[in-house]
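Trainee: The following file, run.cif, comprises mmCIF, C-alpha atoms:
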data_coords
loop_
_atom_site.label_atom_id
_atom_site.label_comp_id
_atom_site.auth_asym_id
_atom_site.auth_seq_id
_atom_site.Cartn_x
_atom_site.Cartn_y
_atom_site.Cartn_z
CA MET E 55 111.67 -7.72 -43.27
CA THR E 56 112.86 -10.17 -40.68
CA VAL E 57 112.75 -13.91 -40.60
CA THR E 58 111.84 -15.38 -37.23
CA ALA E 59 112.72 -18.85 -36.03
CA TRP E 60 109.68 -20.56 -34.52
CA THR E 61 110.07 -23.43 -32.10
CA ALA E 62 107.85 -26.49 -32.28
CA ALA E 63 106.44 -25.35 -28.91
CA GLN E 64 105.23 -22.07 -30.45
CA VAL E 65 103.55 -23.95 -33.29
CA ALA E 66 101.96 -26.29 -30.73
CA ARG E 67 100.42 -23.27 -28.96
CA LYS E 68 98.83 -22.24 -32.28
CA VAL E 69 97.28 -25.69 -32.60
CA ILE E 70 96.06 -25.92 -29.02
CA ASP E 71 94.77 -22.34 -28.86
CA ASN E 72 92.90 -22.71 -32.17
CA LYS E 73 94.82 -19.89 -33.85
CA ASP E 74 95.21 -19.07 -37.52
CA LEU E 75 98.44 -19.97 -39.26
CA PHE E 76 99.45 -20.08 -42.91
CA ILE E 77 101.94 -22.86 -43.55
CA LEU E 78 104.10 -22.81 -46.64
CA ASP E 79 105.40 -26.38 -46.73
CA VAL E 80 108.37 -26.64 -49.10
CA ARG E 81 108.83 -30.42 -48.92
CA ASN E 82 107.98 -32.80 -51.77
CA ALA E 83 104.32 -33.26 -52.61
CA ASP E 84 104.53 -36.90 -51.44
CA ALA E 85 105.94 -35.98 -48.05
CA PHE E 86 103.31 -33.27 -47.58
CA GLU E 87 100.46 -35.57 -48.58
CA ASP E 88 101.72 -38.19 -46.20
CA TRP E 89 102.23 -36.05 -43.13
CA LYS E 90 101.96 -32.38 -42.23
CA ILE E 91 101.42 -30.05 -39.29
CA GLU E 92 97.72 -30.24 -38.54
CA GLY E 93 95.83 -27.35 -36.98
CA HIS E 94 92.12 -26.58 -36.62
CA LYS E 95 92.48 -23.28 -38.45
CA PHE E 96 95.62 -23.79 -40.47
CA GLU E 97 95.88 -23.06 -44.17
CA TYR E 98 98.46 -24.66 -46.41
CA LEU E 99 100.43 -24.12 -49.56
CA ASN E 100 102.75 -26.90 -50.65
CA ILE E 101 105.44 -25.90 -53.15
CA PRO E 102 108.68 -27.92 -53.08
CA TYR E 103 111.70 -25.69 -52.43
CA PHE E 104 113.42 -26.79 -55.63
CA GLU E 105 110.64 -25.18 -57.64
CA LEU E 106 111.45 -21.86 -55.99
CA LEU E 107 115.17 -21.73 -56.75
CA ASP E 108 114.65 -19.11 -59.46
CA GLY E 109 112.55 -16.92 -57.20
CA VAL E 110 109.36 -16.73 -55.17
CA GLU E 111 107.56 -14.12 -57.33
CA GLU E 112 105.08 -16.64 -58.70
CA ILE E 113 103.76 -17.64 -55.29
CA LEU E 114 103.65 -14.17 -53.73
CA PRO E 115 99.97 -13.61 -54.59
CA GLN E 116 99.15 -16.73 -52.57
CA ILE E 117 100.95 -15.58 -49.42
CA PRO E 118 98.55 -13.78 -47.06
CA SER E 119 99.60 -10.55 -45.40
CA ASP E 120 96.97 -10.63 -42.65
CA LYS E 121 98.12 -13.75 -40.79
CA ASP E 122 101.28 -15.41 -39.56
CA VAL E 123 103.21 -17.24 -42.25
CA LEU E 124 105.43 -20.16 -41.35
CA VAL E 125 107.74 -21.90 -43.83
CA VAL E 126 108.30 -25.58 -43.06
CA CYS E 127 110.56 -28.28 -44.48
CA ALA E 128 112.03 -31.60 -43.34
CA LYS E 129 114.96 -30.32 -41.28
CA GLU E 130 114.95 -26.51 -41.68
CA GLY E 131 117.59 -25.72 -44.35
CA SER E 132 115.22 -25.26 -47.27
CA SER E 133 112.67 -23.39 -45.18
CA ILE E 134 115.32 -20.85 -44.15
CA MET E 135 116.25 -20.36 -47.80
CA VAL E 136 112.64 -19.81 -48.88
CA ALA E 137 111.86 -17.65 -45.82
CA ASP E 138 114.84 -15.43 -46.69
CA MET E 139 113.57 -15.06 -50.24
CA LEU E 140 110.11 -14.09 -49.01
CA SER E 141 111.67 -11.69 -46.56
CA GLU E 142 113.62 -10.00 -49.35
CA ALA E 143 110.35 -9.65 -51.21
CA GLY E 144 109.01 -7.67 -48.25
CA TYR E 145 107.11 -10.35 -46.33
CA THR E 146 107.34 -11.02 -42.62
CA VAL E 147 107.63 -14.78 -42.25
CA GLY E 148 108.95 -17.41 -39.89
CA TYR E 149 110.46 -20.82 -40.34
CA LEU E 150 110.17 -23.89 -38.14
CA GLU E 151 113.40 -24.50 -36.26
CA GLY E 152 114.49 -28.09 -36.83
CA GLY E 153 111.71 -28.63 -39.39
CA MET E 154 109.35 -31.60 -39.29
CA LYS E 155 111.95 -33.51 -37.28
CA SER E 156 111.53 -31.18 -34.33
CA TRP E 157 107.75 -31.17 -34.85
CA SER E 158 107.75 -34.97 -34.64
CA MET E 159 109.56 -34.81 -31.29
CA TYR E 160 107.67 -32.08 -29.47
CA LEU E 161 105.55 -33.00 -26.42
CA GLU E 162 103.01 -30.76 -24.70
CA PRO E 163 101.91 -31.80 -21.20
CA ILE E 164 98.26 -30.95 -20.58
CA LYS E 165 96.30 -31.62 -17.41
CA VAL E 166 93.39 -33.97 -18.01
CA GLY E 167 91.85 -33.66 -14.58
CA ASN E 168 92.08 -34.11 -10.84
CA LEU E 169 92.20 -37.44 -9.09
CA ASN E 170 90.61 -38.27 -5.80
CA GLY E 171 92.27 -36.55 -2.82
CA GLY E 172 94.53 -34.06 -4.60
CA GLY E 173 96.05 -36.19 -7.36
CA GLU E 174 96.40 -35.10 -10.95
CA LEU E 175 96.44 -36.79 -14.34
CA TYR E 176 98.47 -35.36 -17.22
CA GLN E 177 98.40 -36.22 -20.89
CA PHE E 178 101.58 -35.60 -22.88
CA VAL E 179 100.46 -34.76 -26.38
CA ARG E 180 102.98 -35.41 -29.13
CA LEU E 181 101.19 -33.36 -31.75
CA GLY E 182 103.52 -34.18 -34.63
CA LYS E 183 103.21 -37.92 -34.39
CA GLY E 184 99.89 -38.25 -32.61
CA CYS E 185 101.32 -40.13 -29.62
CA LEU E 186 99.79 -39.70 -26.15
CA SER E 187 101.62 -40.54 -22.94
CA TYR E 188 100.29 -40.24 -19.39
CA MET E 189 101.48 -39.39 -15.91
CA ALA E 190 99.30 -39.84 -12.85
CA ILE E 191 100.63 -38.16 -9.74
CA ASN E 192 99.50 -38.24 -6.16
CA ASP E 193 100.96 -37.75 -2.73
CA GLY E 194 104.57 -37.59 -3.93
CA GLU E 195 104.36 -40.56 -6.28
CA ALA E 196 103.88 -40.96 -10.01
CA ALA E 197 102.95 -43.63 -12.53
CA ILE E 198 103.73 -43.23 -16.23
CA ILE E 199 101.95 -44.99 -19.06
CA ASP E 200 103.17 -45.32 -22.66
CA ALA E 201 106.08 -42.93 -22.35
CA VAL E 202 107.71 -41.91 -25.63
CA ARG E 203 111.49 -41.95 -25.92
CA PHE E 204 112.16 -38.40 -24.70
CA THR E 205 112.69 -39.58 -21.17
CA GLU E 206 113.93 -36.27 -19.76
CA ILE E 207 110.57 -34.62 -20.42
CA PHE E 208 109.00 -37.06 -17.97
CA THR E 209 111.75 -37.10 -15.36
CA LYS E 210 111.95 -33.29 -15.34
CA PHE E 211 108.19 -32.97 -15.12
CA ALA E 212 108.17 -35.31 -12.13
CA GLU E 213 110.94 -33.28 -10.53
CA GLU E 214 109.02 -30.04 -11.02
CA LYS E 215 105.96 -31.62 -9.45
CA GLY E 216 108.06 -32.99 -6.61
CA VAL E 217 107.00 -36.59 -7.19
CA LYS E 218 108.93 -39.83 -7.42
CA ILE E 219 108.27 -42.04 -10.42
CA LYS E 220 107.35 -45.44 -8.98
CA HIS E 221 105.68 -47.33 -11.82
CA VAL E 222 106.24 -47.22 -15.56
CA PHE E 223 103.88 -49.13 -17.86
CA ASP E 224 103.63 -49.85 -21.53
CA THR E 225 100.14 -50.93 -22.60
CA HIS E 226 101.73 -53.06 -25.33
CA LEU E 227 104.86 -53.48 -27.43
CA HIS E 228 104.67 -50.39 -29.62
CA ALA E 229 105.26 -50.51 -33.38
CA ASP E 230 104.95 -46.86 -34.34
CA HIS E 231 107.25 -45.16 -31.84
CA ILE E 232 110.16 -46.06 -29.60
CA SER E 233 109.21 -46.50 -25.96
CA GLY E 234 111.03 -44.57 -23.26
CA GLY E 235 109.50 -46.74 -20.52
CA ARG E 236 112.33 -49.02 -19.48
CA HIS E 237 114.88 -46.17 -19.71
CA ILE E 238 112.81 -44.00 -17.37
CA ALA E 239 112.51 -46.93 -14.99
CA ALA E 240 116.27 -47.54 -15.11
CA ALA E 241 117.01 -43.87 -14.44
CA THR E 242 114.58 -43.51 -11.55
CA GLY E 243 114.51 -46.93 -9.93
CA ALA E 244 110.86 -47.36 -10.87
CA THR E 245 109.33 -50.70 -11.79
CA TYR E 246 108.84 -51.26 -15.52
CA TYR E 247 105.85 -53.35 -16.56
CA LEU E 248 105.09 -54.89 -19.94
CA PRO E 249 102.38 -57.42 -20.89
CA PRO E 250 104.15 -60.81 -20.95
CA LYS E 251 102.37 -61.92 -24.13
CA ASP E 252 103.93 -59.00 -25.99
CA ALA E 253 107.29 -59.54 -24.35
CA GLU E 254 108.23 -63.03 -25.51
CA GLU E 255 111.14 -61.72 -27.53
CA VAL E 256 112.34 -58.86 -25.33
CA VAL E 257 115.91 -59.09 -24.08
CA PHE E 258 115.60 -57.00 -20.89
CA ASP E 259 114.05 -57.65 -17.48
CA TYR E 260 110.53 -56.43 -16.83
CA THR E 261 107.69 -56.99 -14.43
CA PRO E 262 104.73 -58.80 -16.02
CA LEU E 263 101.69 -56.61 -16.49
CA THR E 264 98.80 -59.00 -15.98
CA ASP E 265 95.05 -58.67 -15.84
CA GLY E 266 93.86 -57.34 -12.50
CA LEU E 267 97.23 -56.02 -11.37
CA THR E 268 96.80 -52.84 -9.32
CA VAL E 269 99.19 -50.31 -7.90
CA GLN E 270 98.46 -47.54 -5.41
CA LEU E 271 99.79 -44.02 -5.75
CA GLY E 272 100.76 -42.47 -2.44
CA SER E 273 98.89 -43.15 0.73
CA SER E 274 95.41 -42.32 -0.55
CA GLU E 275 92.96 -44.37 -2.51
CA ILE E 276 94.07 -43.71 -6.06
CA GLU E 277 94.37 -46.96 -7.86
CA VAL E 278 95.82 -47.79 -11.25
CA GLY E 279 94.35 -51.11 -12.37
CA ALA E 280 95.20 -53.26 -15.38
CA LEU E 281 92.55 -54.76 -17.65
CA TYR E 282 93.64 -57.31 -20.24
CA SER E 283 92.27 -56.10 -23.58
CA PRO E 284 93.95 -57.86 -26.52
CA GLY E 285 93.45 -57.12 -30.19
CA HIS E 286 95.96 -54.55 -31.39
CA THR E 287 98.57 -56.90 -29.98
CA ILE E 288 97.94 -60.12 -28.09
CA GLY E 289 99.20 -58.55 -24.86
CA SER E 290 97.45 -55.17 -25.10
CA THR E 291 96.32 -54.06 -21.67
CA SER E 292 94.15 -51.12 -20.64
CA PHE E 293 94.18 -49.21 -17.37
CA VAL E 294 91.47 -47.85 -15.16
CA ILE E 295 92.73 -44.96 -13.06
CA ASP E 296 90.85 -43.79 -10.00
CA LYS E 297 87.64 -45.47 -11.29
CA LYS E 298 87.33 -42.47 -13.56
CA TYR E 299 89.65 -42.80 -16.54
CA LEU E 300 90.08 -45.66 -19.02
CA LEU E 301 93.44 -45.70 -20.75
CA THR E 302 92.83 -47.77 -23.86
CA GLY E 303 96.31 -47.92 -25.38
CA ASP E 304 96.03 -48.70 -29.09
CA ILE E 305 92.76 -50.61 -28.79
CA LEU E 306 90.23 -47.80 -28.89
CA PHE E 307 90.73 -44.26 -30.13
CA ILE E 308 88.31 -41.32 -30.25
CA ASP E 309 87.29 -41.66 -33.88
CA SER E 310 88.74 -45.04 -34.82
CA ILE E 311 89.83 -48.40 -33.39
CA GLY E 312 93.15 -50.23 -33.21
CA ARG E 313 94.46 -52.27 -36.11
CA PRO E 314 95.39 -55.89 -35.43
CA ASP E 315 98.07 -56.37 -38.10
CA LEU E 316 101.21 -54.56 -36.95
CA ALA E 317 102.77 -57.67 -35.44
CA GLY E 318 101.83 -59.69 -38.53
CA LEU E 319 98.93 -61.64 -37.01
CA ALA E 320 95.79 -59.77 -38.03
CA GLU E 321 93.77 -62.90 -38.79
CA ASP E 322 94.59 -64.42 -35.42
CA TRP E 323 93.87 -61.34 -33.37
CA VAL E 324 90.75 -59.96 -34.98
CA GLY E 325 88.59 -62.12 -32.70
CA ASP E 326 90.39 -60.75 -29.64
CA LEU E 327 89.90 -57.21 -30.87
CA ARG E 328 86.19 -57.78 -31.33
CA GLU E 329 85.86 -59.41 -27.92
CA THR E 330 87.64 -56.49 -26.24
CA LEU E 331 85.67 -53.75 -27.98
CA TYR E 332 82.25 -55.39 -28.08
CA SER E 333 82.23 -57.30 -24.84
CA ARG E 334 84.97 -56.39 -22.36
CA TYR E 335 84.64 -52.63 -22.75
CA ARG E 336 80.85 -52.90 -22.85
CA SER E 337 80.87 -54.19 -19.30
CA LEU E 338 82.63 -51.06 -18.03
CA ALA E 339 80.97 -47.93 -16.69
CA GLU E 340 79.93 -45.64 -19.52
CA ASP E 341 81.03 -42.59 -17.57
CA LEU E 342 84.68 -43.58 -17.75
CA ILE E 343 86.72 -41.05 -19.73
CA VAL E 344 88.61 -42.77 -22.52
CA LEU E 345 92.24 -41.70 -22.88
CA PRO E 346 93.87 -43.41 -25.88
CA ALA E 347 97.57 -43.74 -26.74
CA HIS E 348 97.10 -41.93 -30.07
CA PHE E 349 95.09 -39.51 -32.09
CA MET E 350 95.03 -39.59 -35.89
CA ILE E 351 93.27 -36.41 -36.92
CA ILE E 352 93.16 -32.96 -35.40
CA GLU E 353 89.38 -33.18 -34.95
CA GLU E 354 90.03 -35.67 -32.14
CA LEU E 355 91.54 -32.91 -30.02
CA ASN E 356 89.27 -31.23 -27.48
CA GLU E 357 89.11 -27.45 -26.99
CA ASP E 358 91.81 -27.59 -24.34
CA GLY E 359 94.15 -29.69 -26.49
CA THR E 360 93.49 -32.97 -24.69
CA VAL E 361 92.35 -36.13 -26.41
CA ALA E 362 89.63 -37.58 -24.17
CA LYS E 363 86.00 -38.61 -24.43
CA ARG E 364 83.36 -40.40 -22.38
CA LEU E 365 83.17 -44.13 -23.11
CA GLY E 366 79.39 -43.97 -23.51
CA ASP E 367 79.78 -41.28 -26.17
CA LEU E 368 82.22 -43.45 -28.05
CA PHE E 369 79.78 -46.37 -27.99
CA ALA E 370 77.29 -44.04 -29.65
CA GLU E 371 79.59 -42.24 -32.10
CA ASN E 372 82.67 -44.30 -32.93
CA HIS E 373 82.05 -46.19 -36.15
CA GLY E 374 84.40 -49.00 -35.14
CA LEU E 375 82.21 -49.78 -32.12
CA ASN E 376 79.06 -49.99 -34.19
CA VAL E 377 79.70 -52.70 -36.74
CA GLU E 378 77.11 -55.33 -35.85
CA ASP E 379 78.07 -57.98 -38.37
CA GLU E 380 81.16 -59.88 -37.28
CA GLU E 381 82.21 -60.65 -40.83
CA VAL E 382 81.96 -57.00 -41.84
CA PHE E 383 84.06 -56.16 -38.78
CA ARG E 384 86.63 -58.81 -39.65
CA SER E 385 86.92 -57.49 -43.17
CA MET E 386 87.16 -53.89 -41.99
CA VAL E 387 90.15 -54.55 -39.73
CA THR E 388 92.01 -57.00 -41.96
CA ASP E 389 91.36 -56.00 -45.59
CA ASN E 390 92.58 -52.89 -47.38
CA LEU E 391 94.33 -51.55 -44.30
CA PRO E 392 96.10 -48.21 -44.56
CA PRO E 393 99.92 -48.27 -44.89
CA GLN E 394 101.78 -49.32 -41.75
CA PRO E 395 103.72 -46.82 -39.63
CA ASN E 396 107.16 -45.87 -40.91
CA ALA E 397 109.81 -48.50 -40.03
CA TYR E 398 107.32 -50.40 -37.84
CA GLN E 399 109.18 -53.69 -37.93
CA GLU E 400 112.46 -52.05 -36.94
CA ILE E 401 110.72 -50.07 -34.20
CA ARG E 402 109.32 -53.28 -32.69
CA ILE E 403 112.83 -54.75 -32.60
CA VAL E 404 114.16 -51.61 -30.90
CA ASN E 405 111.35 -51.88 -28.33
CA MET E 406 112.35 -55.51 -27.72
CA GLY E 407 115.80 -54.20 -26.80
CA LYS E 408 117.49 -56.20 -29.54
CA VAL E 409 119.09 -53.18 -31.18
CA THR E 410 119.88 -49.67 -29.96
CA PRO E 411 120.09 -47.17 -32.81
CA ASN E 412 121.62 -43.76 -32.19
CA ASP E 413 119.48 -40.68 -31.69
CA GLU E 414 119.50 -39.63 -35.31
CA GLU E 415 118.50 -43.09 -36.49
CA GLN E 416 115.68 -43.18 -33.94
CA THR E 417 114.43 -39.81 -35.17
CA GLU E 418 114.52 -41.06 -38.74
CA MET E 419 112.56 -44.23 -37.82
CA GLU E 420 109.83 -42.21 -36.15
CA ILE E 421 109.21 -39.83 -39.05
CA GLY E 422 105.60 -39.69 -40.19
CA PRO E 423 102.19 -40.29 -38.61
CA ASN E 424 101.54 -43.16 -36.17
CA ARG E 425 99.05 -45.07 -38.35
CA CYS E 426 97.89 -47.40 -35.59
CA ALA E 427 94.18 -47.14 -36.34
CA VAL E 428 91.48 -48.47 -38.62
CA ARG E 429 88.72 -46.07 -39.36
CA MET Q 1441 127.31 -43.81 -70.00
CA ASN Q 1442 129.34 -40.68 -70.80
CA ILE Q 1443 129.66 -38.45 -67.81
CA THR Q 1444 130.04 -34.84 -68.84
CA LYS Q 1445 130.58 -33.38 -65.40
CA THR Q 1446 130.84 -34.51 -61.79
CA LEU Q 1447 129.53 -32.49 -58.86
CA ASP Q 1448 130.64 -33.39 -55.35
CA VAL Q 1449 128.25 -32.07 -52.70
CA LYS Q 1450 129.14 -34.58 -50.00
CA GLY Q 1451 128.67 -33.17 -46.51
CA LEU Q 1452 126.24 -30.48 -47.65
CA ALA Q 1453 122.74 -30.43 -46.18
CA CYS Q 1454 119.44 -29.66 -47.83
CA PRO Q 1455 118.84 -27.45 -49.81
CA MET Q 1456 122.46 -27.06 -50.99
CA PRO Q 1457 122.77 -30.36 -52.93
CA ILE Q 1458 119.81 -29.42 -55.14
CA VAL Q 1459 120.81 -25.76 -55.36
CA ARG Q 1460 124.30 -26.69 -56.58
CA THR Q 1461 123.01 -29.40 -58.89
CA LYS Q 1462 120.63 -26.99 -60.55
CA LYS Q 1463 123.42 -24.43 -61.06
CA THR Q 1464 125.69 -27.08 -62.53
CA ILE Q 1465 123.12 -28.61 -64.84
CA ASP Q 1466 122.55 -25.13 -66.27
CA THR Q 1467 126.15 -25.29 -67.56
CA ILE Q 1468 125.82 -28.54 -69.58
CA ASN Q 1469 123.94 -29.27 -72.77
CA SER Q 1470 120.70 -31.11 -73.26
CA GLY Q 1471 121.27 -34.88 -73.33
CA GLU Q 1472 124.57 -34.65 -71.41
CA VAL Q 1473 124.97 -36.44 -68.10
CA LEU Q 1474 125.82 -34.95 -64.72
CA GLU Q 1475 127.15 -37.17 -61.95
CA VAL Q 1476 126.31 -35.97 -58.42
CA LEU Q 1477 127.79 -37.30 -55.16
CA VAL Q 1478 125.60 -36.61 -52.11
CA THR Q 1479 125.58 -37.71 -48.48
CA ASP Q 1480 122.34 -36.02 -47.36
CA LYS Q 1481 119.76 -38.84 -47.16
CA GLY Q 1482 116.91 -36.47 -47.96
CA ALA Q 1483 118.40 -36.32 -51.47
CA LEU Q 1484 116.84 -39.67 -52.38
CA SER Q 1485 113.30 -38.34 -52.72
CA ASP Q 1486 114.29 -34.75 -53.48
CA PHE Q 1487 116.41 -35.60 -56.53
CA ALA Q 1488 113.68 -37.79 -57.99
CA ALA Q 1489 111.03 -35.08 -57.53
CA TRP Q 1490 113.32 -32.26 -58.70
CA ALA Q 1491 114.35 -34.15 -61.85
CA LYS Q 1492 110.75 -35.00 -62.63
CA ALA Q 1493 109.67 -31.38 -62.22
CA GLY Q 1494 112.44 -30.19 -64.56
CA GLY Q 1495 111.98 -33.00 -67.09
CA HIS Q 1496 115.47 -34.40 -66.45
CA THR Q 1497 116.06 -38.15 -66.41
CA ILE Q 1498 117.84 -39.99 -63.62
CA LEU Q 1499 119.57 -42.66 -65.67
CA ASP Q 1500 121.00 -44.46 -62.69
CA GLN Q 1501 121.59 -44.11 -58.97
CA LYS Q 1502 123.45 -46.12 -56.38
CA GLU Q 1503 124.68 -45.97 -52.81
CA GLU Q 1504 128.25 -46.87 -51.90
CA ALA Q 1505 129.77 -46.44 -48.44
CA GLY Q 1506 127.17 -43.90 -47.39
CA VAL Q 1507 127.48 -41.82 -50.56
CA LEU Q 1508 124.60 -41.51 -53.02
CA TYR Q 1509 125.51 -41.30 -56.71
CA PHE Q 1510 123.02 -39.81 -59.17
CA TYR Q 1511 123.43 -39.81 -62.95
CA ILE Q 1512 121.19 -37.12 -64.35
CA GLN Q 1513 120.61 -36.59 -68.05
CA LYS Q 1514 119.67 -33.01 -68.82
CA ALA Q 1515 116.33 -32.43 -70.53
#
Spell out the structure here as structure tokens.
Mentor:
Amino acid sequence: MTVTAWTAAQVARKVIDNKDLFILDVRNADAFEDWKIEGHKFEYLNIPYFELLDGVEEILPQIPSDKDVLVVCAKEGSSIMVADMLSEAGYTVGYLEGGMKSWSMYLEPIKVGNLNGGGELYQFVRLGKGCLSYMAINDGEAAIIDAVRFTEIFTKFAEEKGVKIKHVFDTHLHADHISGGRHIAAATGATYYLPPKDAEEVVFDYTPLTDGLTVQLGSSEIEVGALYSPGHTIGSTSFVIDKKYLLTGDILFIDSIGRPDLAGLAEDWVGDLRETLYSRYRSLAEDLIVLPAHFMIIEELNEDGTVAKRLGDLFAENHGLNVEDEEVFRSMVTDNLPPQPNAYQEIRIVNMGKVTPNDEEQTEMEIGPNRCAVR
Amino acid sequence: MNITKTLDVKGLACPMPIVRTKKTIDTINSGEVLEVLVTDKGALSDFAAWAKAGGHTILDQKEEAGVLYFYIQKA
């Protein structure tokens, strides 16, 4: 039987199209528990590769023959070894090229919807890490929000669409992933904006992203407007695009809310977070479609693979928006928080421009889930 | 600590460090110590989990100039 190499893109299609997949994850139990490839209809078996060195006979009864089987490990070496063993035993299996590293890096651009007068809004879903970036295009111009570090994906996409990137925003100084924002701006001549309150330590030039700032895309009426919404960080800023979409950054997610502790100031910022979620956002139109900068669990994905939901629905359904008692809220977002994202302090320093690790080091820093939420 | 054997798997990527270590530990006696030199960073968690699964004891480990040293006592 043959062993097929699967790309992260092929696995992403399985997730987005709601397909079956049997994943044999041969990493350590800890690594698997911590972070795995999530799919609506995926089944899993986790057996570390070093327990299979003497043969795969013992696990054969657990390997299905009626669905695709994909062997996964951290980089790919062990998965190839185990896939070969299964293949020799007569099974048709695949392995994930580049392992969880490549899964962490893969981005799928999905159209969220049309904007007034022929514009379009795209969400770039980084399934492995749960990061969401955005590109709004209209009339030959584009604005990018919360770009991850794979800058070519965005510049090539803009080229294909025949648009010029004019504005690049980060909603806040990220702690879970390395921003590609200022690099895209440098490569394209676009303006790079960052909230000044998050940028006190940055060592590069930027344009302050302040409350009420608006930019126009192309000649028509599409407007990208900034709304100061602190809490996850003190500078966190949301965007309203075309009076239709609310980009919430790491403040509000579909099934959770932002955590205030990643810059070390949870106690100070919990009041801001409450104010943003319970007052500022409440004054907005409930028909706005919320587009966050992350998802945490696969259930937050819509049928078409996007992560988006009406603000009014979130007010009704999101637990984090329905904690009436302020003290209970304070305790929820400051006590017993889940572990922080991998290497979050180092990642903040990279995003300040103070250090520039090489590609491999950046990949290593970004391993694991984003962990930016409190549920 | 008496080192019975040394295995140098520097430059090898996962799964080879563990594959070679397992083969080598099969050639020493219970209670004897195998020294392993690895450069693959994934080895840190893999060696701990592999040793635990097999009942072996990691007596000591260190990192010097990018090389990980493991001292594994056979179960």
Trainee: Could you give me, as a list in words, the residues within 8 Å of range 1477-1492 of chain Q, counting all atoms listed in the file and dropping anything in the same chain fewer than 2 positions from it?
Mentor: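 Once the nearby chain positions are removed, what remains is Asn82, Phe104 and Glu105 of chain E; Thr1446, Leu1447, Asp1448, Val1449, Lys1450, Gly1451, Leu1452, Ala1453, Cys1454, Pro1457, Ile1458, Glu1475, Gly1494, Gly1495, His1496, Thr1497, Ile1498, Gly1506, Val1507, Leu1508, Tyr1509, Phe1510 and Ile1512 of chain Q.
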Trainee: At what distance in Å, to one decimal, does CA of Thr388 in chain E lie from CA of Met406 in chain E?
Mentor: 24.9 Å
Trainee: Got a sec to resolve the PyMOL selection byres ((chain E and resi 331-337) around 8) on this structure and send the residues as a PyMOL selection string?
Mentor: chain E and resi 283+305-306+327-330+338-339+375
Trainee: Any idea what the distance is between CA of Lys95 in chain E and CA of Asp120 in chain E?
Mentor: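 Those two atoms sit 14.1 Å apart.
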Trainee: Rounded to one decimal in Å, what is the spacing between CA of Ala239 in chain E and CA of Leu271 in chain E?
Mentor: 16.0 Å
Trainee: I'd like the contact shell of Leu175 in chain E - 10 Å cut-off, only C-alpha atoms, skipping same-chain residues fewer than 2 positions apart - returned as a VMD selection string.
Mentor: chain E and resid 164 to 169 173 177 188 to 192 196 to 198 295 to 296 299
Trainee: If the PyMOL selection byres ((chain E) within 12 of (chain Q)) were run on this exact file, what residues would it hold? Put them as a list of chain:residue names.
Mentor: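 What the PyMOL selection byres ((chain E) within 12 of (chain Q)) grabs from the file is E:Val80, E:Arg81, E:Asn82, E:Ala83, E:Asp84, E:Ala85, E:Ile101, E:Pro102, E:Tyr103, E:Phe104, E:Glu105, E:Leu106, E:Leu107, E:Asp108, E:Cys127, E:Ala128, E:Lys129, E:Glu130, E:Gly131, E:Ser132, E:Ser133, E:Ile134, E:Met135, E:Val136, E:Gly153, E:Glu414, E:Glu415, E:Glu418.
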Trainee: Place a sphere of radius 7 Å on (89.6, -41.0, -32.5) in the file coordinates and name every protein, DNA or RNA residue with an atom inside or on its surface, counting all atoms listed in the file; give the answer as a PyMOL selection string.
Mentor: chain E and resi 307-310+349-350+354
Trainee: Please expand the PyMOL selection byres ((chain E and resi 215) around 10) into the concrete residues it hits in this file, giving the result as an mmCIF file with C-alpha atoms, in the coordinates of the input.
Mentor:
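File result20.cif, as written:
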data_model
loop_
_atom_site.group_PDB
_atom_site.id
_atom_site.type_symbol
_atom_site.label_atom_id
_atom_site.label_comp_id
_atom_site.auth_asym_id
_atom_site.auth_seq_id
_atom_site.Cartn_x
_atom_site.Cartn_y
_atom_site.Cartn_z
ATOM 1 C CA ILE E 191 100.630 -38.160 -9.740
ATOM 2 C CA ASN E 192 99.500 -38.240 -6.160
ATOM 3 C CA GLY E 194 104.570 -37.590 -3.930
ATOM 4 C CA GLU E 195 104.360 -40.560 -6.280
ATOM 5 C CA ALA E 196 103.880 -40.960 -10.010
ATOM 6 C CA THR E 209 111.750 -37.100 -15.360
ATOM 7 C CA LYS E 210 111.950 -33.290 -15.340
ATOM 8 C CA PHE E 211 108.190 -32.970 -15.120
ATOM 9 C CA ALA E 212 108.170 -35.310 -12.130
ATOM 10 C CA GLU E 213 110.940 -33.280 -10.530
ATOM 11 C CA GLU E 214 109.020 -30.040 -11.020
ATOM 12 C CA GLY E 216 108.060 -32.990 -6.610
ATOM 13 C CA VAL E 217 107.000 -36.590 -7.190
ATOM 14 C CA LYS E 218 108.930 -39.830 -7.420
#
Trainee: Could you give me, as a ChimeraX atom specification, the residues that sit within 8 Å of (129.4, -38.8, -67.2) in the file's coordinates, counting all atoms listed in the file?
Mentor: /Q:1441-1446,1472-1475,1511
Trainee: Of the candidates E:Asp367, E:Glu162, E:Asp315, E:Asp322, which one gets nearest to Val69 in chain E if we count all atoms listed in the file?
Mentor: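 Distance minimum relative to Val69 in chain E lands on E:Glu162.
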Trainee: List the spatial neighbours of Ser233 in chain E as a ChimeraX atom specification - criterion: any atom at most 9 Å away, only C-alpha atoms, same-chain residues fewer than 2 positions off excluded.
Mentor: /E:200-204,224,227-228,231,235-237,404-405
Trainee: Go through E:Ser158, E:Asn170, E:Ser141, E:Gln116 and flag the residue nearest Ala63 in chain E, using only C-alpha atoms for the distances.
Mentor: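 Using only C-alpha atoms, the shortest distance to Ala63 in chain E belongs to E:Ser158.
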Trainee: Would you please work out which residue, of E:Ala241, E:Ala229, E:Leu301, E:Ile219, is nearest to Gly272 in chain E when using only C-alpha atoms?
Mentor: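 Checking each of E:Ala241, E:Ala229, E:Leu301, E:Ile219 against Gly272 in chain E, counting only C-alpha atoms, the winner is E:Ile219.
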